[in-house]
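Asks: Here it is, the structure, as structure tokens.
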Amino acid sequence: DSGVTQTPKHLITATGQRVTLRCSPRSGDLSVYWYQQSLDQGLQFLIHYYNGEERAKGNILERFSAQQFPDLHSELNLSSLELGDSALYFCASSVAGWSYEQYFGPGTRLTVT
Amino acid sequence: DAKTTQPPSMDCAEGRAANLPCNHSTISGNEYVYWYRQIHSQGPQYIIHGLKNNETNEMASLIITEDRKSSTLILPHATLRDTAVYYCIVIGGTDKLIFGTGTRLQVFP
């Protein structure tokens, strides 16, 4: 158990819909990172937040957005969902502003039908 | 071009040491070697990292050659729970973590 929690564990929704994925980092960690893992593309970095501020963006679509709240939990919002958005979404956390020693949550499996 | 080369798969008997190699011949002076693993459909798990010295923690040992062009992750007493995909990542500065295809380690009884 990494100490990072993610909800929900599974999510099934239809194309065109909007969903919100939630992540609580390890106690004391200020950074949250979001990743997408699909079968054909491996693990892809989406976005990084540190202490409430966006710090880095990866291959995140404009239909996706994220935020980190004062209590340091983070939400990833996915809108206008397409079949290709079906994937595992992981968040990770770290103590520092940018660290390669990241602790990953169990993931949310999103299925878009 | 990929920064690392790993064998696609390896087998190891339970209780034996698992030695996972990684080639990173183009590594630069400020780049670290990180190892992660991912057990099927679970979140990746940080294992260990090093710059040029050998490192050991409660999970594994990391041996980096003197020229830093290759490294070996050692799981001293592999268990069935160590069956996973192991990723060797060379990274530095403000690079983003990129997980390649890794080595699929199968530990058998």
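Chain labels follow the order of the structure tokens: the first chain is A, the next B, and so on; residue numbering restarts at 1 in every chain, and ligands are counted from 1 in their shown order.
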Name the residues of chain A that fall into strand (DSSP E or B) according to DSSP on the backbone, using the chain letters and numbers of this document, as a PyMOL selection string.
Replies: chain A and resi 5-7+10-13+19-24+31-38+42-50+53-57+64-68+74-78+87-94+103-104+108-112
Asks: Would you kindly return, as a ChimeraX atom specification, each protein, DNA or RNA residue with an atom no farther than 7 Å from any atom of Met10 (chain B), considering only C-alpha atoms and excluding same-chain residues fewer than 5 positions away?
Replies: /B:103-106
Asks: Per residue of chain A within 6 Å of chain B, what are the shortest atom pair and its distance in Å to one decimal, counting only C-alpha atoms, with rows by chain and residue number, as a tab-separated table?
Replies:
```
residue	atom	partner	partner_atom	distance
A:Phe104	CA	B:Gly43	CA	5.3
A:Gly105	CA	B:Gly43	CA	5.6
A:Pro106	CA	B:Gly43	CA	5.0
```
Asks: Would you pick out the contacts of Thr26 (chain B) at 9 Å or less, using only C-alpha atoms, so that residues sharing its chain but fewer than 3 positions from it are not included, and give the list as a VMD selection string?
Replies: chain B and resid 3 to 4 23 69
Asks: Check the smallest atom-to-atom distance from each of A:His10, A:Gly97, A:Tyr89, A:Thr108 to Ser38 (chain A) using only C-alpha atoms, then report the winner.
Replies: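 Residue with the minimum atom-to-atom distance to Ser38 (chain A): A:Tyr89.
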Asks: Work out how far CA of Ser94 (chain A) is from CA of Lys52 (chain B), in Å to one decimal.
Replies: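 We find that CA of Lys52 (chain B) and CA of Ser94 (chain A) lie 23.0 Å from each other.
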Asks: What's around Thr15 (chain A) at 9 Å? Count only C-alpha atoms, leave out sequence neighbours fewer than 2 positions away in its own chain, and write the answer as a PyMOL selection string.
Replies: chain A and resi 13+17-18+80-83+112-113
Asks: Residues at most 9 Å from Thr5 (chain B), counting only C-alpha atoms, excluding those fewer than 6 positions away in the same chain, as a list in words?
Replies: Pro21, Cys22, Asn23, His24, Cys88 and Gly102 of chain B
Asks: So that I have them on file, write out the residues from the current selection with C-alpha atoms, as a PDB file, in the first residue's frame.
Replies:
```pdb
ATOM      1  CA  PRO B  21      19.997  -6.099 -16.630  1.00  0.00           C
ATOM      2  CA  CYS B  22      19.637  -2.701 -18.247  1.00  0.00           C
ATOM      3  CA  ASN B  23      21.807  -1.087 -20.877  1.00  0.00           C
ATOM      4  CA  HIS B  24      22.021   2.694 -21.013  1.00  0.00           C
ATOM      5  CA  CYS B  88      14.693   0.760 -15.931  1.00  0.00           C
ATOM      6  CA  GLY B 102      10.446  -3.101 -19.436  1.00  0.00           C
TER       7      GLY B 102
END
```
Asks: Closest to Ile47 (chain A) among A:Ser86, A:Thr111, A:Gln6, A:Ser93, using only C-alpha atoms?
Replies: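 Residue with the minimum atom-to-atom distance to Ile47 (chain A): A:Ser93.
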Asks: From the options B:Asn53, B:Ser25, B:Thr83, B:Asn30, which residue's atoms come nearest to Ser70 (chain B), counting only C-alpha atoms?
Replies: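 Among the listed residues, the smallest separation from Ser70 (chain B) belongs to B:Ser25.
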Asks: Between CA of Gln44 (chain A) and CA of Asp71 (chain A), what is the spacing in Å?
Replies: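 Computed distance, CA of Asp71 (chain A) to CA of Gln44 (chain A), equals 25.7 Å.
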Asks: Just want the 6 Å neighbourhood of Leu75 (chain B), counted on only C-alpha atoms, with same-chain residues fewer than 3 positions away dropped. Output as a count of residues only.
Replies: 4
Asks: Report, in Å to a single decimal, how far apart CA of Ser9 (chain B) and CA of Ser28 (chain B) are.
Replies: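 About the pair CA of Ser28 (chain B) and CA of Ser9 (chain B): they are 26.6 Å apart.
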Asks: Taking only C-alpha atoms into account, which of A:Gln67, A:Gln102, A:Ser79, A:Ser31 comes nearest Asn51 (chain A)?
Replies: A:Ser31
Asks: Would you kindly return, as a ChimeraX atom specification, each protein, DNA or RNA residue with an atom no farther than 10 Å from any atom of Gly15 (chain B), considering only C-alpha atoms and excluding same-chain residues fewer than 3 positions away?
Replies: /B:12,18,75-80,107-109
Asks: I need the residues from that last selection saved to file as a PDB file, in the first residue's frame (with N, CA, C and O atoms), if you can.
Replies:
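Contents of the output file part-v5.pdb:
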```
ATOM      1  N   CYS B  12      12.682 -16.659 -13.158  1.00  0.00           N
ATOM      2  CA  CYS B  12      13.506 -16.838 -11.972  1.00  0.00           C
ATOM      3  C   CYS B  12      12.789 -17.809 -11.053  1.00  0.00           C
ATOM      4  O   CYS B  12      11.560 -17.716 -10.878  1.00  0.00           O
ATOM      5  N   ALA B  18      17.078 -12.712  -8.463  1.00  0.00           N
ATOM      6  CA  ALA B  18      16.706 -12.280  -9.816  1.00  0.00           C
ATOM      7  C   ALA B  18      17.601 -11.106 -10.184  1.00  0.00           C
ATOM      8  O   ALA B  18      17.678 -10.127  -9.441  1.00  0.00           O
ATOM      9  N   LEU B  75      17.061  -8.622  -7.090  1.00  0.00           N
ATOM     10  CA  LEU B  75      16.115  -8.992  -6.041  1.00  0.00           C
ATOM     11  C   LEU B  75      16.717 -10.218  -5.381  1.00  0.00           C
ATOM     12  O   LEU B  75      16.765 -11.289  -5.993  1.00  0.00           O
ATOM     13  N   PRO B  76      17.189 -10.114  -4.157  1.00  0.00           N
ATOM     14  CA  PRO B  76      18.039 -11.173  -3.605  1.00  0.00           C
ATOM     15  C   PRO B  76      17.348 -12.521  -3.406  1.00  0.00           C
ATOM     16  O   PRO B  76      17.978 -13.562  -3.579  1.00  0.00           O
ATOM     17  N   HIS B  77      16.094 -12.510  -3.042  1.00  0.00           N
ATOM     18  CA  HIS B  77      15.368 -13.765  -2.823  1.00  0.00           C
ATOM     19  C   HIS B  77      13.971 -13.598  -3.436  1.00  0.00           C
ATOM     20  O   HIS B  77      13.040 -13.177  -2.752  1.00  0.00           O
ATOM     21  N   ALA B  78      13.859 -13.877  -4.704  1.00  0.00           N
ATOM     22  CA  ALA B  78      12.606 -13.605  -5.408  1.00  0.00           C
ATOM     23  C   ALA B  78      11.470 -14.457  -4.847  1.00  0.00           C
ATOM     24  O   ALA B  78      11.646 -15.636  -4.501  1.00  0.00           O
ATOM     25  N   THR B  79      10.299 -13.848  -4.767  1.00  0.00           N
ATOM     26  CA  THR B  79       9.090 -14.568  -4.374  1.00  0.00           C
ATOM     27  C   THR B  79       8.078 -14.453  -5.513  1.00  0.00           C
ATOM     28  O   THR B  79       8.246 -13.647  -6.441  1.00  0.00           O
ATOM     29  N   LEU B  80       7.015 -15.226  -5.405  1.00  0.00           N
ATOM     30  CA  LEU B  80       5.986 -15.197  -6.449  1.00  0.00           C
ATOM     31  C   LEU B  80       5.412 -13.791  -6.580  1.00  0.00           C
ATOM     32  O   LEU B  80       4.989 -13.370  -7.668  1.00  0.00           O
ATOM     33  N   VAL B 107       8.384 -15.214 -11.796  1.00  0.00           N
ATOM     34  CA  VAL B 107       8.971 -16.035 -10.745  1.00  0.00           C
ATOM     35  C   VAL B 107       8.138 -17.307 -10.638  1.00  0.00           C
ATOM     36  O   VAL B 107       6.910 -17.242 -10.505  1.00  0.00           O
ATOM     37  N   PHE B 108       8.797 -18.452 -10.718  1.00  0.00           N
ATOM     38  CA  PHE B 108       8.062 -19.714 -10.685  1.00  0.00           C
ATOM     39  C   PHE B 108       8.442 -20.517  -9.431  1.00  0.00           C
ATOM     40  O   PHE B 108       9.549 -20.388  -8.921  1.00  0.00           O
ATOM     41  N   PRO B 109       7.475 -21.349  -8.987  1.00  0.00           N
ATOM     42  CA  PRO B 109       7.705 -22.115  -7.740  1.00  0.00           C
ATOM     43  C   PRO B 109       8.839 -23.122  -7.878  1.00  0.00           C
ATOM     44  O   PRO B 109       9.091 -23.630  -8.966  1.00  0.00           O
TER      45      PRO B 109
END
```
